[in-house]
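*Asks:* So that you have it, the file is work39.cif, and it contains mmCIF, N, CA and C atoms:
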```cif
data_protein
#
loop_
_atom_site.label_atom_id
_atom_site.label_comp_id
_atom_site.auth_asym_id
_atom_site.auth_seq_id
_atom_site.Cartn_x
_atom_site.Cartn_y
_atom_site.Cartn_z
N HIS A 14 92.95 73.59 85.52
CA HIS A 14 94.23 72.90 85.54
C HIS A 14 95.24 73.69 84.72
N THR A 15 96.40 73.98 85.32
CA THR A 15 97.47 74.69 84.64
C THR A 15 98.51 73.70 84.17
N LYS A 16 98.87 73.80 82.91
CA LYS A 16 99.85 72.89 82.32
C LYS A 16 101.23 73.09 82.98
N ILE A 17 101.90 71.98 83.26
CA ILE A 17 103.25 72.02 83.82
C ILE A 17 104.23 72.32 82.70
N ARG A 18 105.22 73.14 83.01
CA ARG A 18 106.25 73.46 82.01
C ARG A 18 106.89 72.18 81.50
N ASN A 19 107.14 72.15 80.22
CA ASN A 19 107.65 70.97 79.55
C ASN A 19 108.93 70.42 80.19
N GLN A 20 109.86 71.28 80.53
CA GLN A 20 111.16 70.84 81.04
C GLN A 20 111.17 70.66 82.56
N ALA A 21 110.09 70.97 83.25
CA ALA A 21 110.04 70.88 84.72
C ALA A 21 110.14 69.44 85.19
N ASN A 22 110.97 69.24 86.22
CA ASN A 22 111.19 67.90 86.76
C ASN A 22 111.04 67.97 88.29
N PRO A 23 110.04 67.29 88.85
CA PRO A 23 109.83 67.37 90.31
C PRO A 23 110.95 66.73 91.13
N TYR A 24 111.83 65.98 90.50
CA TYR A 24 112.93 65.33 91.21
C TYR A 24 114.24 66.12 91.11
N ASN A 25 114.20 67.26 90.44
CA ASN A 25 115.38 68.11 90.29
C ASN A 25 115.24 69.30 91.25
N PRO A 26 116.18 69.47 92.20
CA PRO A 26 116.08 70.59 93.15
C PRO A 26 116.00 71.96 92.48
N HIS A 27 116.50 72.09 91.27
CA HIS A 27 116.43 73.37 90.54
C HIS A 27 114.97 73.82 90.34
N TRP A 28 114.05 72.88 90.25
CA TRP A 28 112.64 73.19 90.00
C TRP A 28 111.80 73.23 91.28
N GLU A 29 112.41 73.13 92.45
CA GLU A 29 111.68 73.07 93.72
C GLU A 29 110.75 74.27 93.90
N GLN A 30 111.24 75.48 93.69
CA GLN A 30 110.41 76.68 93.89
C GLN A 30 109.24 76.72 92.90
N TYR A 31 109.48 76.30 91.68
CA TYR A 31 108.42 76.28 90.67
C TYR A 31 107.26 75.40 91.15
N PHE A 32 107.56 74.21 91.64
CA PHE A 32 106.51 73.30 92.08
C PHE A 32 105.86 73.78 93.38
N GLU A 33 106.62 74.44 94.26
CA GLU A 33 106.02 74.99 95.48
C GLU A 33 105.03 76.10 95.13
N LYS A 34 105.36 76.95 94.17
CA LYS A 34 104.43 78.02 93.76
C LYS A 34 103.17 77.44 93.13
N ARG A 35 103.32 76.40 92.32
CA ARG A 35 102.15 75.74 91.73
C ARG A 35 101.25 75.17 92.83
N LEU A 36 101.86 74.54 93.81
CA LEU A 36 101.10 73.95 94.90
C LEU A 36 100.39 75.03 95.72
N ASP A 37 101.06 76.16 95.95
CA ASP A 37 100.43 77.28 96.67
C ASP A 37 99.18 77.76 95.94
N ARG A 38 99.27 77.95 94.64
CA ARG A 38 98.11 78.42 93.87
C ARG A 38 96.97 77.41 93.95
N TYR A 39 97.31 76.14 93.84
CA TYR A 39 96.30 75.08 93.92
C TYR A 39 95.65 75.06 95.30
N MET A 40 96.46 75.17 96.35
CA MET A 40 95.95 75.09 97.70
C MET A 40 95.03 76.26 98.04
N LEU A 41 95.29 77.44 97.50
CA LEU A 41 94.44 78.59 97.79
C LEU A 41 93.04 78.42 97.22
N ASP A 42 92.91 77.58 96.20
CA ASP A 42 91.61 77.34 95.59
C ASP A 42 90.79 76.28 96.33
N LYS A 43 91.41 75.56 97.23
CA LYS A 43 90.75 74.47 97.94
C LYS A 43 90.55 74.84 99.41
N LEU A 44 89.44 74.43 99.99
CA LEU A 44 89.16 74.73 101.40
C LEU A 44 90.21 74.11 102.31
N GLY A 45 90.60 72.88 102.03
CA GLY A 45 91.63 72.22 102.85
C GLY A 45 92.94 72.98 102.80
N GLY A 46 93.26 73.55 101.66
CA GLY A 46 94.48 74.33 101.53
C GLY A 46 94.43 75.60 102.36
N LYS A 47 93.28 76.24 102.39
CA LYS A 47 93.12 77.45 103.19
C LYS A 47 93.23 77.12 104.68
N GLN A 48 92.69 75.98 105.07
CA GLN A 48 92.79 75.56 106.47
C GLN A 48 94.24 75.25 106.83
N GLN A 49 94.98 74.64 105.90
CA GLN A 49 96.38 74.33 106.16
C GLN A 49 97.20 75.62 106.31
N LEU A 50 96.96 76.60 105.43
CA LEU A 50 97.65 77.88 105.54
C LEU A 50 97.34 78.55 106.87
N ARG A 51 96.08 78.51 107.28
CA ARG A 51 95.68 79.11 108.56
C ARG A 51 96.37 78.40 109.72
N SER A 52 96.42 77.08 109.68
CA SER A 52 97.08 76.31 110.74
C SER A 52 98.56 76.65 110.84
N LEU A 53 99.23 76.75 109.68
CA LEU A 53 100.65 77.10 109.68
C LEU A 53 100.85 78.50 110.25
N TRP A 54 100.02 79.45 109.80
CA TRP A 54 100.15 80.84 110.23
C TRP A 54 99.95 80.94 111.74
N LEU A 55 98.92 80.26 112.26
CA LEU A 55 98.65 80.31 113.70
C LEU A 55 99.77 79.64 114.50
N ALA A 56 100.27 78.52 114.03
CA ALA A 56 101.34 77.81 114.74
C ALA A 56 102.61 78.65 114.83
N GLN A 57 102.83 79.50 113.83
CA GLN A 57 104.01 80.37 113.80
C GLN A 57 103.72 81.74 114.39
N HIS A 58 102.51 81.93 114.91
CA HIS A 58 102.08 83.22 115.45
C HIS A 58 102.21 84.32 114.40
N GLY A 59 102.06 83.94 113.11
CA GLY A 59 102.11 84.91 112.02
C GLY A 59 103.50 85.46 111.75
N ILE A 60 104.53 84.81 112.26
CA ILE A 60 105.91 85.30 112.13
C ILE A 60 106.70 84.44 111.15
N CYS A 61 107.45 85.08 110.28
CA CYS A 61 108.34 84.39 109.34
C CYS A 61 109.55 83.87 110.11
N PRO A 62 109.88 82.57 110.02
CA PRO A 62 111.02 82.03 110.76
C PRO A 62 112.37 82.49 110.22
N VAL A 63 112.41 83.13 109.06
CA VAL A 63 113.67 83.60 108.48
C VAL A 63 114.01 85.00 108.97
N CYS A 64 113.09 85.96 108.79
CA CYS A 64 113.37 87.35 109.12
C CYS A 64 112.73 87.81 110.44
N GLN A 65 111.86 86.97 111.00
CA GLN A 65 111.17 87.26 112.27
C GLN A 65 110.19 88.43 112.17
N HIS A 66 109.73 88.78 110.97
CA HIS A 66 108.72 89.82 110.79
C HIS A 66 107.36 89.17 110.52
N LYS A 67 106.31 89.94 110.74
CA LYS A 67 104.94 89.47 110.59
C LYS A 67 104.62 89.13 109.13
N ILE A 68 103.94 88.02 108.92
CA ILE A 68 103.45 87.64 107.60
C ILE A 68 102.02 88.16 107.49
N THR A 69 101.76 88.99 106.49
CA THR A 69 100.44 89.59 106.30
C THR A 69 100.01 89.39 104.85
N GLU A 70 98.76 89.77 104.57
CA GLU A 70 98.29 89.72 103.18
C GLU A 70 99.12 90.66 102.32
N THR A 71 99.52 91.80 102.87
CA THR A 71 100.31 92.78 102.13
C THR A 71 101.70 92.25 101.83
N SER A 72 102.34 91.63 102.82
CA SER A 72 103.69 91.11 102.61
C SER A 72 103.69 89.87 101.73
N GLY A 73 102.60 89.13 101.77
CA GLY A 73 102.52 87.89 101.02
C GLY A 73 103.20 86.76 101.77
N TRP A 74 103.10 85.56 101.23
CA TRP A 74 103.70 84.40 101.87
C TRP A 74 103.98 83.33 100.83
N ALA A 75 104.82 82.41 101.22
CA ALA A 75 105.12 81.22 100.42
C ALA A 75 105.25 80.06 101.39
N ARG A 76 104.80 78.91 100.97
CA ARG A 76 104.99 77.71 101.79
C ARG A 76 106.34 77.12 101.42
N HIS A 77 107.12 76.77 102.43
CA HIS A 77 108.43 76.18 102.18
C HIS A 77 108.47 74.79 102.80
N HIS A 78 108.95 73.82 102.03
CA HIS A 78 109.12 72.46 102.52
C HIS A 78 110.46 72.37 103.22
N LEU A 79 110.47 71.98 104.48
CA LEU A 79 111.72 71.84 105.22
C LEU A 79 112.59 70.76 104.59
N VAL A 80 111.99 69.62 104.29
CA VAL A 80 112.65 68.60 103.47
C VAL A 80 112.00 68.74 102.09
N TRP A 81 112.78 69.21 101.15
CA TRP A 81 112.24 69.50 99.82
C TRP A 81 111.53 68.28 99.24
N ARG A 82 110.51 68.53 98.47
CA ARG A 82 109.77 67.45 97.82
C ARG A 82 110.69 66.66 96.89
N SER A 83 111.63 67.35 96.26
CA SER A 83 112.57 66.67 95.36
C SER A 83 113.51 65.74 96.12
N HIS A 84 113.57 65.92 97.46
CA HIS A 84 114.39 65.06 98.31
C HIS A 84 113.53 64.10 99.14
N GLY A 85 112.25 63.97 98.76
CA GLY A 85 111.37 63.02 99.43
C GLY A 85 110.47 63.60 100.51
N GLY A 86 110.49 64.92 100.71
CA GLY A 86 109.64 65.55 101.72
C GLY A 86 108.19 65.57 101.30
N GLY A 87 107.30 65.54 102.27
CA GLY A 87 105.87 65.53 102.00
C GLY A 87 105.21 66.87 102.22
N ASP A 88 103.90 66.92 102.00
CA ASP A 88 103.11 68.14 102.16
C ASP A 88 102.41 68.19 103.51
N THR A 89 102.98 67.56 104.53
CA THR A 89 102.38 67.55 105.86
C THR A 89 102.71 68.84 106.60
N LEU A 90 101.91 69.18 107.59
CA LEU A 90 102.14 70.38 108.38
C LEU A 90 103.51 70.34 109.06
N GLU A 91 103.97 69.16 109.42
CA GLU A 91 105.27 69.03 110.09
C GLU A 91 106.43 69.39 109.18
N ASN A 92 106.22 69.30 107.87
CA ASN A 92 107.29 69.57 106.90
C ASN A 92 107.16 70.93 106.24
N LEU A 93 106.21 71.75 106.68
CA LEU A 93 105.96 73.03 106.03
C LEU A 93 106.11 74.20 107.00
N VAL A 94 106.57 75.33 106.46
CA VAL A 94 106.57 76.61 107.17
C VAL A 94 106.13 77.68 106.19
N LEU A 95 105.55 78.75 106.73
CA LEU A 95 105.21 79.92 105.91
C LEU A 95 106.34 80.93 106.04
N VAL A 96 106.76 81.47 104.92
CA VAL A 96 107.80 82.50 104.90
C VAL A 96 107.39 83.58 103.91
N HIS A 97 108.03 84.73 103.97
CA HIS A 97 107.80 85.77 102.98
C HIS A 97 108.35 85.32 101.63
N PRO A 98 107.79 85.80 100.53
CA PRO A 98 108.32 85.41 99.21
C PRO A 98 109.80 85.75 99.04
N THR A 99 110.24 86.91 99.52
CA THR A 99 111.66 87.25 99.39
C THR A 99 112.53 86.35 100.26
N CYS A 100 112.03 86.01 101.44
CA CYS A 100 112.76 85.07 102.32
C CYS A 100 112.85 83.70 101.66
N HIS A 101 111.78 83.30 100.98
CA HIS A 101 111.75 82.01 100.31
C HIS A 101 112.80 81.96 99.19
N THR A 102 112.91 83.04 98.46
CA THR A 102 113.92 83.11 97.40
C THR A 102 115.32 83.02 98.01
N GLN A 103 115.53 83.72 99.13
CA GLN A 103 116.84 83.68 99.79
C GLN A 103 117.16 82.28 100.31
N ILE A 104 116.17 81.58 100.83
CA ILE A 104 116.39 80.22 101.31
C ILE A 104 116.96 79.36 100.19
N HIS A 105 116.33 79.45 99.03
CA HIS A 105 116.76 78.61 97.91
C HIS A 105 118.06 79.10 97.27
N ASN A 106 118.21 80.40 97.11
CA ASN A 106 119.41 80.92 96.45
C ASN A 106 120.66 80.80 97.33
N ARG A 107 120.49 81.00 98.63
CA ARG A 107 121.64 80.96 99.55
C ARG A 107 121.75 79.62 100.28
N GLN A 108 120.81 78.72 99.98
CA GLN A 108 120.76 77.40 100.62
C GLN A 108 120.75 77.53 102.15
N LEU A 109 119.87 78.42 102.64
CA LEU A 109 119.74 78.64 104.08
C LEU A 109 118.99 77.48 104.72
N SER A 110 119.30 77.22 105.95
CA SER A 110 118.61 76.20 106.73
C SER A 110 117.48 76.87 107.51
N VAL A 111 116.31 76.27 107.49
CA VAL A 111 115.15 76.82 108.19
C VAL A 111 114.63 75.76 109.15
N GLU A 112 114.31 76.18 110.36
CA GLU A 112 113.74 75.26 111.35
C GLU A 112 112.30 75.66 111.62
N LYS A 113 111.50 74.67 111.91
CA LYS A 113 110.10 74.92 112.24
C LYS A 113 110.04 75.57 113.62
N PRO A 114 109.32 76.69 113.75
CA PRO A 114 109.19 77.33 115.06
C PRO A 114 108.51 76.38 116.05
N ARG A 115 108.99 76.39 117.28
CA ARG A 115 108.39 75.55 118.31
C ARG A 115 107.10 76.20 118.80
N PRO A 116 106.08 75.39 119.03
CA PRO A 116 104.85 75.97 119.59
C PRO A 116 105.11 76.45 121.01
N SER A 117 104.50 77.58 121.35
CA SER A 117 104.71 78.12 122.69
C SER A 117 103.94 77.27 123.70
N SER A 118 104.52 77.13 124.88
CA SER A 118 103.89 76.30 125.92
C SER A 118 102.86 77.09 126.70
N GLY A 119 102.81 78.38 126.49
CA GLY A 119 101.86 79.21 127.24
C GLY A 119 102.43 79.72 128.54
N VAL A 120 103.62 79.23 128.92
CA VAL A 120 104.26 79.66 130.16
C VAL A 120 105.36 80.65 129.78
N GLN A 121 105.31 81.83 130.33
CA GLN A 121 106.30 82.84 130.03
C GLN A 121 107.48 82.72 130.99
N GLU A 122 108.67 82.87 130.42
CA GLU A 122 109.88 82.79 131.24
C GLU A 122 110.16 84.14 131.86
N ALA A 123 110.73 84.11 133.07
CA ALA A 123 111.04 85.36 133.78
C ALA A 123 112.35 85.92 133.35
#
```
Go through the file and emit its structure as C-alpha cells.

*Replies:*
Amino acid sequence: HTKIRNQANPYNPHWEQYFEKRLDRYMLDKLGGKQQLRSLWLAQHGICPVCQHKITETSGWARHHLVWRSHGGGDTLENLVLVHPTCHTQIHNRQLSVEKPRPSSGVQEA
C-alpha cells in the first residue's frame, strides 16, 4: 500500500492525473487490472485516440477517464481509454476532449 499525498483531494480536478497514475500502478499488480488493460487495448486496436499512433510497451500508456473521477466518472470500461503518457498530459493541460473509439463492425467500406 502506497500512502496518498497529504494534500491530495480526489474531488479536486487538479489532482485527477495523480489519482489516475496511482490507480494504474494498482491495476498492474492485479489480474483483473491486467485483463482490463488488455480489453481496452484490444477494443482500440492498440491505437491512441489522441495521436492515432500505436500504443506499445516501449511507448507506454496511461488510462484516461472520459468523465473524470473528480466529476463522478467511474472505472468502467465504457469510461476509460488508453492513451500515451504524453498524450495524457496534453489532455489535462490543454483540456482536450477525447472520445472513445468505436468498435469496428468488421465490414470494410469501399

*Asks:* Which parts of stretch 29-86 of chain A does DSSP call helix (DSSP H, G or I) when run on the backbone here, written out as a PyMOL selection string?

*Replies:* chain A and resi 29-41+44-56+82-84

*Asks:* Point out the residue among A:Pro98, A:Gly46, A:Pro114, A:Pro26 with the least atom-to-atom distance to A:Arg82, counting all atoms listed in the file.

*Replies:*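 The shortest atom-to-atom distance to A:Arg82 comes from A:Pro26.
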
*Asks:* If the PyMOL selection byres (((chain A and resi 61 and name CA) around 9) and name CA) were run on this exact file, what residues would it hold? Put them as a short mmCIF file (atom, residue, chain, number, x, y, z; two decimals) with N, CA and C atoms, in the coordinates of the input.

*Replies:*
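Here's the written file result07.cif:
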```cif
data_model
loop_
_atom_site.label_atom_id
_atom_site.label_comp_id
_atom_site.auth_asym_id
_atom_site.auth_seq_id
_atom_site.Cartn_x
_atom_site.Cartn_y
_atom_site.Cartn_z
N TRP A 54 100.02 79.45 109.80
CA TRP A 54 100.15 80.84 110.23
C TRP A 54 99.95 80.94 111.74
N GLN A 57 102.83 79.50 113.83
CA GLN A 57 104.01 80.37 113.80
C GLN A 57 103.72 81.74 114.39
N HIS A 58 102.51 81.93 114.91
CA HIS A 58 102.08 83.22 115.45
C HIS A 58 102.21 84.32 114.40
N GLY A 59 102.06 83.94 113.11
CA GLY A 59 102.11 84.91 112.02
C GLY A 59 103.50 85.46 111.75
N ILE A 60 104.53 84.81 112.26
CA ILE A 60 105.91 85.30 112.13
C ILE A 60 106.70 84.44 111.15
N PRO A 62 109.88 82.57 110.02
CA PRO A 62 111.02 82.03 110.76
C PRO A 62 112.37 82.49 110.22
N VAL A 63 112.41 83.13 109.06
CA VAL A 63 113.67 83.60 108.48
C VAL A 63 114.01 85.00 108.97
N CYS A 64 113.09 85.96 108.79
CA CYS A 64 113.37 87.35 109.12
C CYS A 64 112.73 87.81 110.44
N GLN A 65 111.86 86.97 111.00
CA GLN A 65 111.17 87.26 112.27
C GLN A 65 110.19 88.43 112.17
N HIS A 66 109.73 88.78 110.97
CA HIS A 66 108.72 89.82 110.79
C HIS A 66 107.36 89.17 110.52
N LYS A 67 106.31 89.94 110.74
CA LYS A 67 104.94 89.47 110.59
C LYS A 67 104.62 89.13 109.13
N ILE A 68 103.94 88.02 108.92
CA ILE A 68 103.45 87.64 107.60
C ILE A 68 102.02 88.16 107.49
N TRP A 74 103.10 85.56 101.23
CA TRP A 74 103.70 84.40 101.87
C TRP A 74 103.98 83.33 100.83
N VAL A 94 106.57 75.33 106.46
CA VAL A 94 106.57 76.61 107.17
C VAL A 94 106.13 77.68 106.19
N LEU A 95 105.55 78.75 106.73
CA LEU A 95 105.21 79.92 105.91
C LEU A 95 106.34 80.93 106.04
N VAL A 96 106.76 81.47 104.92
CA VAL A 96 107.80 82.50 104.90
C VAL A 96 107.39 83.58 103.91
N HIS A 97 108.03 84.73 103.97
CA HIS A 97 107.80 85.77 102.98
C HIS A 97 108.35 85.32 101.63
N CYS A 100 112.03 86.01 101.44
CA CYS A 100 112.76 85.07 102.32
C CYS A 100 112.85 83.70 101.66
#
```

*Asks:* Among chain A, which ones does DSSP place in strand (DSSP E), written as a list in words?

*Replies:*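 Residues of chain A classed as strand (DSSP E): Ala75, Arg76, His77, His78, Leu93, Val94, Leu95 and Val96 of chain A.
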
*Asks:* One decimal, in Å: what's the spacing between atom CA of A:Leu53 and atom CA of A:Gln103?

*Replies:*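 We find that atom CA of A:Leu53 and atom CA of A:Gln103 lie 20.1 Å from each other.
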
*Asks:* Mind giving me the straight-line distance from atom C of A:His27 to atom C of A:Gly86 in Å, one decimal?

*Replies:*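 Straight-line distance from atom C of A:His27 to atom C of A:Gly86 works out to 15.3 Å.
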
*Asks:* Go through A:Leu93, A:Thr15, A:Asp88, A:Lys113 and flag the residue nearest A:Arg76, using all atoms listed in the file for the distances.

*Replies:*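 With all atoms listed in the file as the atom set, the closest residue is A:Leu93.
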
*Asks:* Separation of atom CA of A:Arg51 and atom CA of A:Lys34, in Å?

*Replies:*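 Atom CA of A:Arg51 sits 17.2 Å away from atom CA of A:Lys34.
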
*Asks:* Given the point (113.1, 65.0, 93.1) in the coordinates of this file, which residues lie within 7 Å, counting only N, CA and C atoms, and how would they look as a PDB file with N, CA and C atoms, keeping the file's coordinate frame?

*Replies:*
```
ATOM      1  N   ASN A  22     110.970  69.240  86.220  1.00  0.00           N
ATOM      2  CA  ASN A  22     111.190  67.900  86.760  1.00  0.00           C
ATOM      3  C   ASN A  22     111.040  67.970  88.290  1.00  0.00           C
ATOM      4  N   PRO A  23     110.040  67.290  88.850  1.00  0.00           N
ATOM      5  CA  PRO A  23     109.830  67.370  90.310  1.00  0.00           C
ATOM      6  C   PRO A  23     110.950  66.730  91.130  1.00  0.00           C
ATOM      7  N   TYR A  24     111.830  65.980  90.500  1.00  0.00           N
ATOM      8  CA  TYR A  24     112.930  65.330  91.210  1.00  0.00           C
ATOM      9  C   TYR A  24     114.240  66.120  91.110  1.00  0.00           C
ATOM     10  N   ASN A  25     114.200  67.260  90.440  1.00  0.00           N
ATOM     11  CA  ASN A  25     115.380  68.110  90.290  1.00  0.00           C
ATOM     12  C   ASN A  25     115.240  69.300  91.250  1.00  0.00           C
ATOM     13  N   PRO A  26     116.180  69.470  92.200  1.00  0.00           N
ATOM     14  CA  PRO A  26     116.080  70.590  93.150  1.00  0.00           C
ATOM     15  C   PRO A  26     116.000  71.960  92.480  1.00  0.00           C
ATOM     16  N   ARG A  82     110.510  68.530  98.470  1.00  0.00           N
ATOM     17  CA  ARG A  82     109.770  67.450  97.820  1.00  0.00           C
ATOM     18  C   ARG A  82     110.690  66.660  96.890  1.00  0.00           C
ATOM     19  N   SER A  83     111.630  67.350  96.260  1.00  0.00           N
ATOM     20  CA  SER A  83     112.570  66.670  95.360  1.00  0.00           C
ATOM     21  C   SER A  83     113.510  65.740  96.120  1.00  0.00           C
ATOM     22  N   HIS A  84     113.570  65.920  97.460  1.00  0.00           N
ATOM     23  CA  HIS A  84     114.390  65.060  98.310  1.00  0.00           C
ATOM     24  C   HIS A  84     113.530  64.100  99.140  1.00  0.00           C
ATOM     25  N   GLY A  85     112.250  63.970  98.760  1.00  0.00           N
ATOM     26  CA  GLY A  85     111.370  63.020  99.430  1.00  0.00           C
ATOM     27  C   GLY A  85     110.470  63.600 100.510  1.00  0.00           C
TER      28      GLY A  85
END
```

*Asks:* Have stretch 73-88 of chain A completed to N, CA, C and O atoms, please, and pass it along as a tab-separated table (two decimals), in the coordinates of the input.

*Replies:*
```
chain	number	residue	atom	x	y	z
A	73	GLY	N	102.60	89.13	101.77
A	73	GLY	CA	102.52	87.89	101.02
A	73	GLY	C	103.20	86.76	101.77
A	73	GLY	O	103.80	86.96	102.82
A	74	TRP	N	103.10	85.56	101.23
A	74	TRP	CA	103.70	84.40	101.87
A	74	TRP	C	103.98	83.33	100.83
A	74	TRP	O	103.46	83.36	99.72
A	75	ALA	N	104.82	82.41	101.22
A	75	ALA	CA	105.12	81.22	100.42
A	75	ALA	C	105.25	80.06	101.39
A	75	ALA	O	105.74	80.22	102.50
A	76	ARG	N	104.80	78.91	100.97
A	76	ARG	CA	104.99	77.71	101.79
A	76	ARG	C	106.34	77.12	101.42
A	76	ARG	O	106.67	76.99	100.25
A	77	HIS	N	107.12	76.77	102.43
A	77	HIS	CA	108.43	76.18	102.18
A	77	HIS	C	108.47	74.79	102.80
A	77	HIS	O	108.06	74.61	103.95
A	78	HIS	N	108.95	73.82	102.03
A	78	HIS	CA	109.12	72.46	102.52
A	78	HIS	C	110.46	72.37	103.22
A	78	HIS	O	111.50	72.65	102.62
A	79	LEU	N	110.47	71.98	104.48
A	79	LEU	CA	111.72	71.84	105.22
A	79	LEU	C	112.59	70.76	104.59
A	79	LEU	O	113.78	70.94	104.40
A	80	VAL	N	111.99	69.62	104.29
A	80	VAL	CA	112.65	68.60	103.47
A	80	VAL	C	112.00	68.74	102.09
A	80	VAL	O	110.82	68.48	101.92
A	81	TRP	N	112.78	69.21	101.15
A	81	TRP	CA	112.24	69.50	99.82
A	81	TRP	C	111.53	68.28	99.24
A	81	TRP	O	111.94	67.13	99.46
A	82	ARG	N	110.51	68.53	98.47
A	82	ARG	CA	109.77	67.45	97.82
A	82	ARG	C	110.69	66.66	96.89
A	82	ARG	O	110.56	65.45	96.77
A	83	SER	N	111.63	67.35	96.26
A	83	SER	CA	112.57	66.67	95.36
A	83	SER	C	113.51	65.74	96.12
A	83	SER	O	114.16	64.89	95.53
A	84	HIS	N	113.57	65.92	97.46
A	84	HIS	CA	114.39	65.06	98.31
A	84	HIS	C	113.53	64.10	99.14
A	84	HIS	O	114.00	63.56	100.15
A	85	GLY	N	112.25	63.97	98.76
A	85	GLY	CA	111.37	63.02	99.43
A	85	GLY	C	110.47	63.60	100.51
A	85	GLY	O	109.75	62.87	101.17
A	86	GLY	N	110.49	64.92	100.71
A	86	GLY	CA	109.64	65.55	101.72
A	86	GLY	C	108.19	65.57	101.30
A	86	GLY	O	107.87	65.63	100.12
A	87	GLY	N	107.30	65.54	102.27
A	87	GLY	CA	105.87	65.53	102.00
A	87	GLY	C	105.21	66.87	102.22
A	87	GLY	O	105.86	67.85	102.60
A	88	ASP	N	103.90	66.92	102.00
A	88	ASP	CA	103.11	68.14	102.16
A	88	ASP	C	102.41	68.19	103.51
A	88	ASP	O	101.37	68.82	103.65
```
